Structures are given as structure tokens and as C-alpha cells.
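Chemist: Dropping in structure-v9.tsv, with TSV, C-alpha atoms.
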```tsv
chain	number	residue	atom	x	y	z
A	155	MET	CA	-6.08	-12.43	29.58
A	156	GLN	CA	-2.91	-13.45	27.76
A	157	SER	CA	-3.97	-14.75	24.35
A	158	ALA	CA	-2.30	-16.13	21.26
A	159	TYR	CA	-3.52	-16.97	17.79
A	160	LEU	CA	-3.16	-20.19	15.83
A	161	LEU	CA	-3.73	-19.91	12.08
A	162	VAL	CA	-5.17	-23.14	10.66
A	163	THR	CA	-5.04	-23.93	6.96
A	164	HIS	CA	-5.97	-26.98	4.90
A	165	GLY	CA	-2.44	-28.20	4.29
A	166	SER	CA	-0.83	-29.37	1.05
A	167	ARG	CA	1.95	-31.57	-0.26
A	168	ASP	CA	2.98	-28.55	-2.35
A	169	ILE	CA	5.60	-26.53	-0.50
A	170	ARG	CA	4.26	-23.13	-1.60
A	171	PRO	CA	1.25	-22.94	0.75
A	172	GLN	CA	3.51	-23.75	3.71
A	173	ILE	CA	5.95	-21.02	2.71
A	174	ALA	CA	3.03	-18.60	2.46
A	175	ILE	CA	1.55	-19.50	5.85
A	176	ASP	CA	4.96	-19.20	7.52
A	177	GLN	CA	5.35	-15.72	6.04
A	178	LEU	CA	1.85	-14.75	7.15
A	179	ARG	CA	2.45	-16.05	10.67
A	180	ASP	CA	5.69	-14.10	11.07
A	181	ARG	CA	4.28	-10.83	9.74
A	182	ILE	CA	1.07	-11.06	11.77
A	183	GLU	CA	2.96	-11.93	14.95
A	184	GLN	CA	5.25	-8.94	14.42
A	185	ARG	CA	2.33	-6.55	14.05
A	186	LEU	CA	0.12	-7.93	16.83
A	187	SER	CA	3.03	-8.42	19.26
A	188	VAL	CA	1.51	-11.63	20.59
A	189	PRO	CA	2.41	-15.27	19.87
A	190	VAL	CA	1.05	-16.47	16.52
A	191	GLY	CA	1.38	-20.05	15.33
A	192	ALA	CA	0.43	-22.04	12.25
A	193	ALA	CA	-1.10	-25.48	11.92
A	194	VAL	CA	-2.61	-27.57	9.14
A	195	LEU	CA	-5.57	-29.89	9.00
A	196	GLU	CA	-4.14	-32.34	6.47
A	197	CYS	CA	-0.80	-33.41	4.99
A	198	ALA	CA	1.08	-33.05	8.28
A	199	PRO	CA	3.03	-35.63	10.33
A	200	THR	CA	0.69	-35.08	13.29
A	201	GLU	CA	-3.05	-34.53	13.73
A	202	LEU	CA	-4.34	-30.98	14.14
A	203	HIS	CA	-5.18	-31.55	17.80
A	204	GLU	CA	-1.58	-32.56	18.45
A	205	GLN	CA	-0.33	-29.40	16.75
A	206	ILE	CA	-2.66	-27.34	18.94
A	207	GLU	CA	-1.43	-29.12	22.06
A	208	GLU	CA	2.21	-28.59	21.06
A	209	PHE	CA	1.60	-24.87	20.47
A	210	SER	CA	0.03	-24.66	23.93
A	211	ARG	CA	3.04	-26.41	25.52
A	212	GLN	CA	5.38	-23.97	23.81
A	213	HIS	CA	3.49	-21.07	25.43
A	214	GLU	CA	2.63	-22.36	28.89
A	215	THR	CA	1.84	-18.88	30.27
A	216	LEU	CA	-1.06	-18.45	27.84
A	217	SER	CA	-4.57	-18.26	29.23
A	218	GLU	CA	-6.25	-18.60	25.86
A	219	ILE	CA	-5.56	-19.69	22.28
A	220	LYS	CA	-7.78	-18.37	19.52
A	221	ILE	CA	-8.02	-20.69	16.52
A	222	VAL	CA	-8.25	-18.78	13.23
A	223	PRO	CA	-9.50	-21.01	10.37
A	224	LEU	CA	-8.01	-19.62	7.16
A	225	PHE	CA	-10.71	-21.15	5.00
A	226	LEU	CA	-12.77	-19.30	2.42
A	227	LEU	CA	-15.96	-21.35	2.58
A	228	PRO	CA	-17.97	-23.01	5.40
A	229	GLY	CA	-17.52	-26.56	4.18
A	230	VAL	CA	-16.99	-29.86	5.98
A	231	HIS	CA	-13.52	-28.87	7.20
A	232	VAL	CA	-14.87	-25.77	8.95
A	233	LYS	CA	-18.11	-27.29	10.25
A	234	GLU	CA	-16.92	-30.76	11.25
A	235	ASP	CA	-13.22	-31.59	10.94
A	236	ILE	CA	-11.74	-28.61	12.78
A	237	PRO	CA	-14.31	-28.68	15.64
A	238	GLU	CA	-13.65	-32.40	16.11
A	239	GLN	CA	-9.90	-31.84	16.40
A	240	ILE	CA	-10.37	-28.91	18.78
A	241	ALA	CA	-12.65	-31.01	20.99
A	242	ILE	CA	-9.85	-33.56	21.35
A	243	ALA	CA	-7.33	-30.84	22.17
A	244	ARG	CA	-9.67	-29.36	24.78
A	245	SER	CA	-9.84	-32.68	26.56
A	246	ASN	CA	-6.04	-32.69	26.87
A	247	LEU	CA	-5.41	-29.06	27.77
A	248	LYS	CA	-6.19	-26.60	30.53
A	249	THR	CA	-5.67	-23.66	28.18
A	250	LYS	CA	-8.91	-22.17	26.89
A	251	LEU	CA	-9.46	-22.72	23.17
A	252	GLU	CA	-11.73	-20.42	21.22
A	253	VAL	CA	-12.57	-20.90	17.55
A	254	LEU	CA	-13.14	-17.83	15.39
A	255	PRO	CA	-15.39	-17.98	12.30
A	256	HIS	CA	-13.70	-18.88	9.00
A	257	LEU	CA	-11.86	-16.07	7.24
A	258	GLY	CA	-14.21	-16.05	4.24
A	259	SER	CA	-17.04	-14.88	6.49
A	260	HIS	CA	-15.31	-11.54	7.07
A	261	PRO	CA	-17.14	-8.72	5.20
A	262	GLY	CA	-13.77	-7.18	4.39
A	263	MET	CA	-13.07	-10.07	2.02
A	264	ILE	CA	-15.47	-8.65	-0.58
A	265	GLU	CA	-13.80	-5.24	-0.37
A	266	VAL	CA	-10.36	-6.75	-0.91
A	267	LEU	CA	-11.51	-8.87	-3.85
A	268	ALA	CA	-13.25	-5.87	-5.44
A	269	GLU	CA	-10.11	-3.78	-5.07
A	270	ARG	CA	-7.86	-6.48	-6.52
A	271	ILE	CA	-9.98	-7.09	-9.60
A	272	SER	CA	-10.69	-3.39	-10.22
A	273	GLN	CA	-6.99	-2.82	-10.85
A	274	VAL	CA	-7.17	-4.88	-14.05
A	275	PRO	CA	-8.73	-3.21	-17.13
A	276	ALA	CA	-11.49	-5.54	-18.34
A	277	ASP	CA	-14.99	-5.51	-19.80
A	278	ALA	CA	-15.87	-8.73	-17.93
A	279	ARG	CA	-14.72	-10.38	-14.71
A	280	ILE	CA	-14.79	-13.99	-13.52
A	281	LEU	CA	-14.47	-15.17	-9.92
A	282	MET	CA	-12.83	-18.59	-10.09
A	283	SER	CA	-13.35	-21.11	-7.27
A	284	HIS	CA	-12.88	-24.84	-6.78
A	285	GLY	CA	-16.61	-25.49	-6.61
A	286	SER	CA	-18.72	-27.85	-4.54
A	287	ARG	CA	-21.14	-30.63	-5.44
A	288	ARG	CA	-23.06	-30.14	-2.18
A	289	SER	CA	-26.50	-28.60	-2.51
A	290	GLY	CA	-26.11	-24.88	-1.89
A	291	GLY	CA	-22.34	-25.23	-1.53
A	292	ASN	CA	-21.62	-22.65	-4.23
A	293	ALA	CA	-24.12	-20.05	-3.01
A	294	PRO	CA	-21.45	-17.99	-1.18
A	295	ILE	CA	-19.40	-17.78	-4.38
A	296	GLU	CA	-22.40	-16.58	-6.34
A	297	GLN	CA	-23.06	-13.89	-3.73
A	298	ILE	CA	-19.46	-12.68	-3.76
A	299	ALA	CA	-19.35	-12.67	-7.56
A	300	ASN	CA	-22.49	-10.54	-7.69
A	301	ALA	CA	-21.05	-8.15	-5.10
A	302	ILE	CA	-17.89	-7.52	-7.14
A	303	ASP	CA	-19.66	-7.32	-10.51
A	304	ALA	CA	-18.32	-10.66	-11.74
A	305	VAL	CA	-19.64	-14.03	-12.81
A	306	SER	CA	-18.63	-17.28	-11.17
A	307	ALA	CA	-16.73	-20.21	-12.65
A	308	TYR	CA	-15.60	-23.45	-11.04
A	309	TRP	CA	-12.77	-25.91	-11.43
A	310	SER	CA	-14.67	-29.07	-10.49
A	311	VAL	CA	-18.30	-28.35	-11.47
A	312	GLU	CA	-20.22	-26.36	-14.07
A	313	PRO	CA	-20.15	-23.61	-15.08
A	314	LYS	CA	-16.47	-24.20	-15.71
A	315	LEU	CA	-14.03	-21.57	-16.92
A	316	GLU	CA	-14.27	-22.40	-20.62
A	317	THR	CA	-18.07	-22.27	-20.45
A	318	ARG	CA	-18.00	-18.81	-18.88
A	319	ILE	CA	-15.40	-17.46	-21.30
A	320	LEU	CA	-17.40	-18.64	-24.32
A	321	GLU	CA	-20.56	-17.06	-22.86
A	322	LEU	CA	-18.78	-13.75	-22.33
A	323	LYS	CA	-17.28	-13.88	-25.82
A	324	GLN	CA	-20.74	-14.36	-27.30
A	325	GLN	CA	-21.85	-11.28	-25.37
A	326	GLY	CA	-19.11	-9.26	-27.09
A	327	CYS	CA	-16.58	-9.16	-24.25
A	328	GLN	CA	-12.94	-9.14	-25.31
A	329	GLU	CA	-10.92	-8.34	-22.17
A	330	ILE	CA	-11.64	-10.78	-19.34
A	331	ALA	CA	-10.06	-10.66	-15.89
A	332	ILE	CA	-10.07	-13.91	-13.90
A	333	LEU	CA	-9.75	-13.61	-10.13
A	334	PRO	CA	-8.92	-16.78	-8.15
A	335	TYR	CA	-10.85	-17.42	-4.95
A	336	PHE	CA	-7.94	-19.40	-3.54
A	337	LEU	CA	-5.68	-18.31	-0.71
A	338	PHE	CA	-2.50	-19.97	-1.93
A	339	SER	CA	-0.82	-21.06	-5.13
A	340	GLY	CA	-0.76	-24.81	-5.71
A	341	GLY	CA	-1.52	-27.58	-8.12
A	342	ILE	CA	-5.06	-26.41	-8.91
A	343	THR	CA	-4.07	-22.79	-9.54
A	344	ASP	CA	-1.23	-24.04	-11.78
A	345	ALA	CA	-3.73	-26.14	-13.74
A	346	ILE	CA	-6.10	-23.18	-14.07
A	347	ALA	CA	-3.27	-20.99	-15.37
A	348	GLN	CA	-2.41	-23.65	-17.96
A	349	SER	CA	-6.06	-23.87	-18.97
A	350	ILE	CA	-6.18	-20.09	-19.43
A	351	GLN	CA	-3.05	-20.23	-21.59
A	352	ALA	CA	-4.66	-22.89	-23.78
A	353	LEU	CA	-7.88	-20.88	-24.06
A	354	SER	CA	-5.89	-17.78	-25.02
A	355	GLU	CA	-4.30	-19.72	-27.87
A	356	GLN	CA	-7.70	-21.02	-29.01
A	357	HIS	CA	-9.22	-17.53	-28.88
A	358	PRO	CA	-6.53	-15.04	-29.95
A	359	ASP	CA	-9.16	-12.30	-30.20
A	360	LEU	CA	-9.61	-12.43	-26.41
A	361	THR	CA	-7.36	-10.99	-23.71
A	362	LEU	CA	-7.49	-13.27	-20.68
A	363	GLN	CA	-5.72	-12.06	-17.56
A	364	TRP	CA	-5.24	-14.39	-14.58
A	365	LEU	CA	-4.58	-12.69	-11.28
A	366	ALA	CA	-2.39	-14.39	-8.69
A	367	PRO	CA	-3.83	-15.98	-5.52
A	368	PHE	CA	-3.29	-14.11	-2.26
A	369	ASP	CA	-0.32	-16.18	-1.03
A	370	TYR	CA	1.36	-13.89	1.54
A	371	CYS	CA	0.59	-10.53	-0.08
A	372	GLU	CA	-0.02	-7.46	2.05
A	373	ASP	CA	-3.75	-7.57	1.24
A	374	LEU	CA	-4.07	-10.90	3.02
A	375	VAL	CA	-1.95	-9.84	5.99
A	376	ARG	CA	-4.14	-6.78	6.56
A	377	LEU	CA	-7.32	-8.79	6.03
A	378	ILE	CA	-6.39	-11.41	8.64
A	379	ILE	CA	-5.35	-8.79	11.18
A	380	ASP	CA	-8.56	-6.82	10.63
A	381	PHE	CA	-10.56	-10.04	10.95
A	382	ILE	CA	-8.87	-10.85	14.26
A	383	MET	CA	-9.41	-7.34	15.59
A	384	VAL	CA	-13.10	-7.33	14.61
A	385	GLN	CA	-13.68	-10.70	16.28
A	386	THR	CA	-11.81	-9.64	19.41
A	387	SER	CA	-13.82	-6.42	19.66
A	388	ALA	CA	-17.08	-8.36	19.26
A	389	GLU	CA	-16.03	-10.76	22.00
A	390	LEU	CA	-15.15	-7.93	24.41
A	391	LEU	CA	-18.47	-6.25	23.69
A	392	THR	CA	-20.32	-9.49	24.40
A	393	ARG	CA	-18.47	-9.98	27.68
A	394	SER	CA	-19.14	-6.41	28.84
A	395	SER	CA	-22.85	-6.74	28.13
A	396	LYS	CA	-23.21	-9.81	30.37
```
The structure in this file should be written as C-alpha cells.
Modeler:
Amino acid sequence: MQSAYLLVTHGSRDIRPQIAIDQLRDRIEQRLSVPVGAAVLECAPTELHEQIEEFSRQHETLSEIKIVPLFLLPGVHVKEDIPEQIAIARSNLKTKLEVLPHLGSHPGMIEVLAERISQVPADARILMSHGSRRSGGNAPIEQIANAIDAVSAYWSVEPKLETRILELKQQGCQEIAILPYFLFSGGITDAIAQSIQALSEQHPDLTLQWLAPFDYCEDLVRLIIDFIMVQTSAELLTRSSK
């Protein structure tokens, strides 16, 4: 079966995420040697279902398109918005559409995060995420933080970054590494970096190191490819067992 992959991201008015996703698409397509496209859920001239339909028209010989949601958490976009858009596209296409789980569900994500943060000398580590007000919405972040020997902090809800840094300072920590749980640089990561700079000035006895988001680094390229391969292998195994 001739398949292709369509990477779906949130979308942003900031140009940097689009540059990153274009780079990811090109590098993944080169390595997989199959068509790979990119689409966004928001901040685009057309709806996601229209982008899916256009990608299908560009590759009329395809039997199947696998949708790859490049989202870190299973929020409303993953559970509701993307499925709704795919349902519309299905009604307009003959091409089979299959939706893979969101990228953050891949076990390899924890390994990559652990490797990235271990490269920074520190006596404390913070995993920084946007945060959710939904009941249980931050549970995945807490689990990942525990797995990589870090504590969590959030941009939009408590415990926020300043709260965590003051707690760690009271515990005697002086070198703190802060790892963003964001795929791409943007307005929020810029604001976090500015906040860290201000906190560094307020607490000159602390060394605060902010790691960069993934953007289109090799870690993310390998992670997405491995995720696709794992999902494809699981699908083939399921088919062969029927």
C-alpha cells in the first residue's frame, strides 16, 4: 500500500514554528523516501480538512495518508479538533486516512528529554510546560518530570517557574537547568526566557540555564521517524494477526 505522512501542528502567527515544521518535513521525507506533508490546525488560510484534501490531490496515486499529530499532550486539539477535521476530509476523499497517536505518547520522548537535560550540569532540574486548568490535564507532565528526575513548572498555572525556583533555592540548590516541554520557539518561550533573565538578576547566587525548544533539531527528527516506524510496525503486526 502506497502511503504518505502528513505532519499536523498547532499553527502560529509567529513565523518560527512554520520554518521549523518545513525543515522537519523536508528532512523526514528525505529519510523515509515517501511523500511527507505539513499542515496546521490553526492560524492558516484554510481549515485543516482542506489542507488534508489538497495534500491528497497533490498525490493522487496514494492509497493511504497517515496523519501524525505533532502534539505533546492529549488535549482538546488531539481528542476533538483534529478528529473532527479528519472526519470532514474523509467524507470528501476516497484516500484512506489513518490518525496516529500524538507524538507525546511515544515512550522515546522521555529518553530524549532525559538525554537533553543530562547534558547540562545542574543540582536541580525543572520541566517547563504551558500547563492546563483541566482536571488531570497536567498529570502527564508530572509523570515525565518524575521520570527524568525533575520537578514541573507551568507558564499558565501554579506551580509557576518563580515558585519552583524559590523552592529549590530554599533546598540549597544553586545550579538549575530548565527544560522546555515545547516543540517550537515562539512567543511563550520568548516570555519564559525573559522571565528567567529577570529571575537571574534577582537571584545572582543562582545559575539558571534555559535549554532551547526542539525546533528542527536532529533529536526531534529522529524521534518523529522512530515514532512513525513504531506505529507502522504495530499496525502491520495487527493486520497479520487478523
Chemist: Counting only C-alpha atoms, select every polymer residue within 9 Å of (-2.7, -30.9, 7.2) as defined in the file's coordinates, and provide the selection as a ChimeraX atom specification.
Modeler: /A:162-167,193-202
Chemist: Of the candidates A:Gly229, A:Ile382, A:Ser210, A:Ala345, which shows the shortest atom-to-atom distance to A:Ser289, using all atoms listed in the file?
Modeler: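 Once distances to A:Ser289 are computed over all atoms listed in the file, the minimum belongs to A:Gly229.
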Chemist: Between A:Gly341, A:Leu281, A:Ile379, A:Gln356, which one has atoms that come closest to A:Ala301, using only C-alpha atoms?
Modeler: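 For A:Ala301, the nearest of the given residues is A:Leu281.
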Chemist: Within 6 Å of (-5.5, -21.4, 25.5), all atoms listed in the file: residues as an MDAnalysis selection string?
Modeler: chainID A and resid 216:219 249:251
Chemist: Any chance you could export the current selection's C-alpha atoms as a PDB file, in the frame of the given file?
Modeler:
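Written output follows (selection-v2.pdb):
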```
ATOM      1  CA  LEU A 216      -1.060 -18.450  27.840  1.00  0.00           C
ATOM      2  CA  SER A 217      -4.570 -18.260  29.230  1.00  0.00           C
ATOM      3  CA  GLU A 218      -6.250 -18.600  25.860  1.00  0.00           C
ATOM      4  CA  ILE A 219      -5.560 -19.690  22.280  1.00  0.00           C
ATOM      5  CA  THR A 249      -5.670 -23.660  28.180  1.00  0.00           C
ATOM      6  CA  LYS A 250      -8.910 -22.170  26.890  1.00  0.00           C
ATOM      7  CA  LEU A 251      -9.460 -22.720  23.170  1.00  0.00           C
TER       8      LEU A 251
END
```
Chemist: Using all atoms listed in the file, what table do you get, as a tab-separated table, when you list each residue of stretch 201-256 of chain A with an atom no more than 12 Å from stretch 263-266 of chain A, its nearest pair of atoms, and their distance in Å rounded to one decimal, rows by chain then rising number?
Modeler:
```
residue	atom	partner	partner_atom	distance
A:Leu224	CA	A:Met263	CA	12.0
A:Phe225	CA	A:Met263	CA	11.7
A:Leu226	CA	A:Met263	CA	9.2
A:Leu227	CA	A:Met263	CA	11.7
A:His256	CA	A:Met263	CA	11.3
```
Chemist: Hey, can you spit out that residue selection with C-alpha atoms as a PDB file, in the coordinates of the input?
Modeler:
```
ATOM      1  CA  LEU A 224      -8.010 -19.620   7.160  1.00  0.00           C
ATOM      2  CA  PHE A 225     -10.710 -21.150   5.000  1.00  0.00           C
ATOM      3  CA  LEU A 226     -12.770 -19.300   2.420  1.00  0.00           C
ATOM      4  CA  LEU A 227     -15.960 -21.350   2.580  1.00  0.00           C
ATOM      5  CA  HIS A 256     -13.700 -18.880   9.000  1.00  0.00           C
TER       6      HIS A 256
END
```
Chemist: When distances are computed from all atoms listed in the file, which of A:Gly191, A:Arg270, A:Ile346, A:His231 shows the smallest separation from A:Asp176?
Modeler: A:Gly191
Chemist: Considering all atoms listed in the file, return as a PDB file with C-alpha atoms, keeping the file's coordinate frame whatever protein or nucleic-acid residues lie within 10 Å of A:Leu247, sequence-local ones (same chain, fewer than 6 positions apart) excluded.
Modeler:
```pdb
ATOM      1  CA  ILE A 206      -2.660 -27.340  18.940  1.00  0.00           C
ATOM      2  CA  GLU A 207      -1.430 -29.120  22.060  1.00  0.00           C
ATOM      3  CA  SER A 210       0.030 -24.660  23.930  1.00  0.00           C
ATOM      4  CA  ARG A 211       3.040 -26.410  25.520  1.00  0.00           C
TER       5      ARG A 211
END
```
Chemist: Give me, as a PyMOL selection string, all polymer residues having an atom no more than 10 Å from A:Gly326, counting all atoms listed in the file and skipping those fewer than 6 positions away in the same chain.
Modeler: chain A and resi 277-278+320
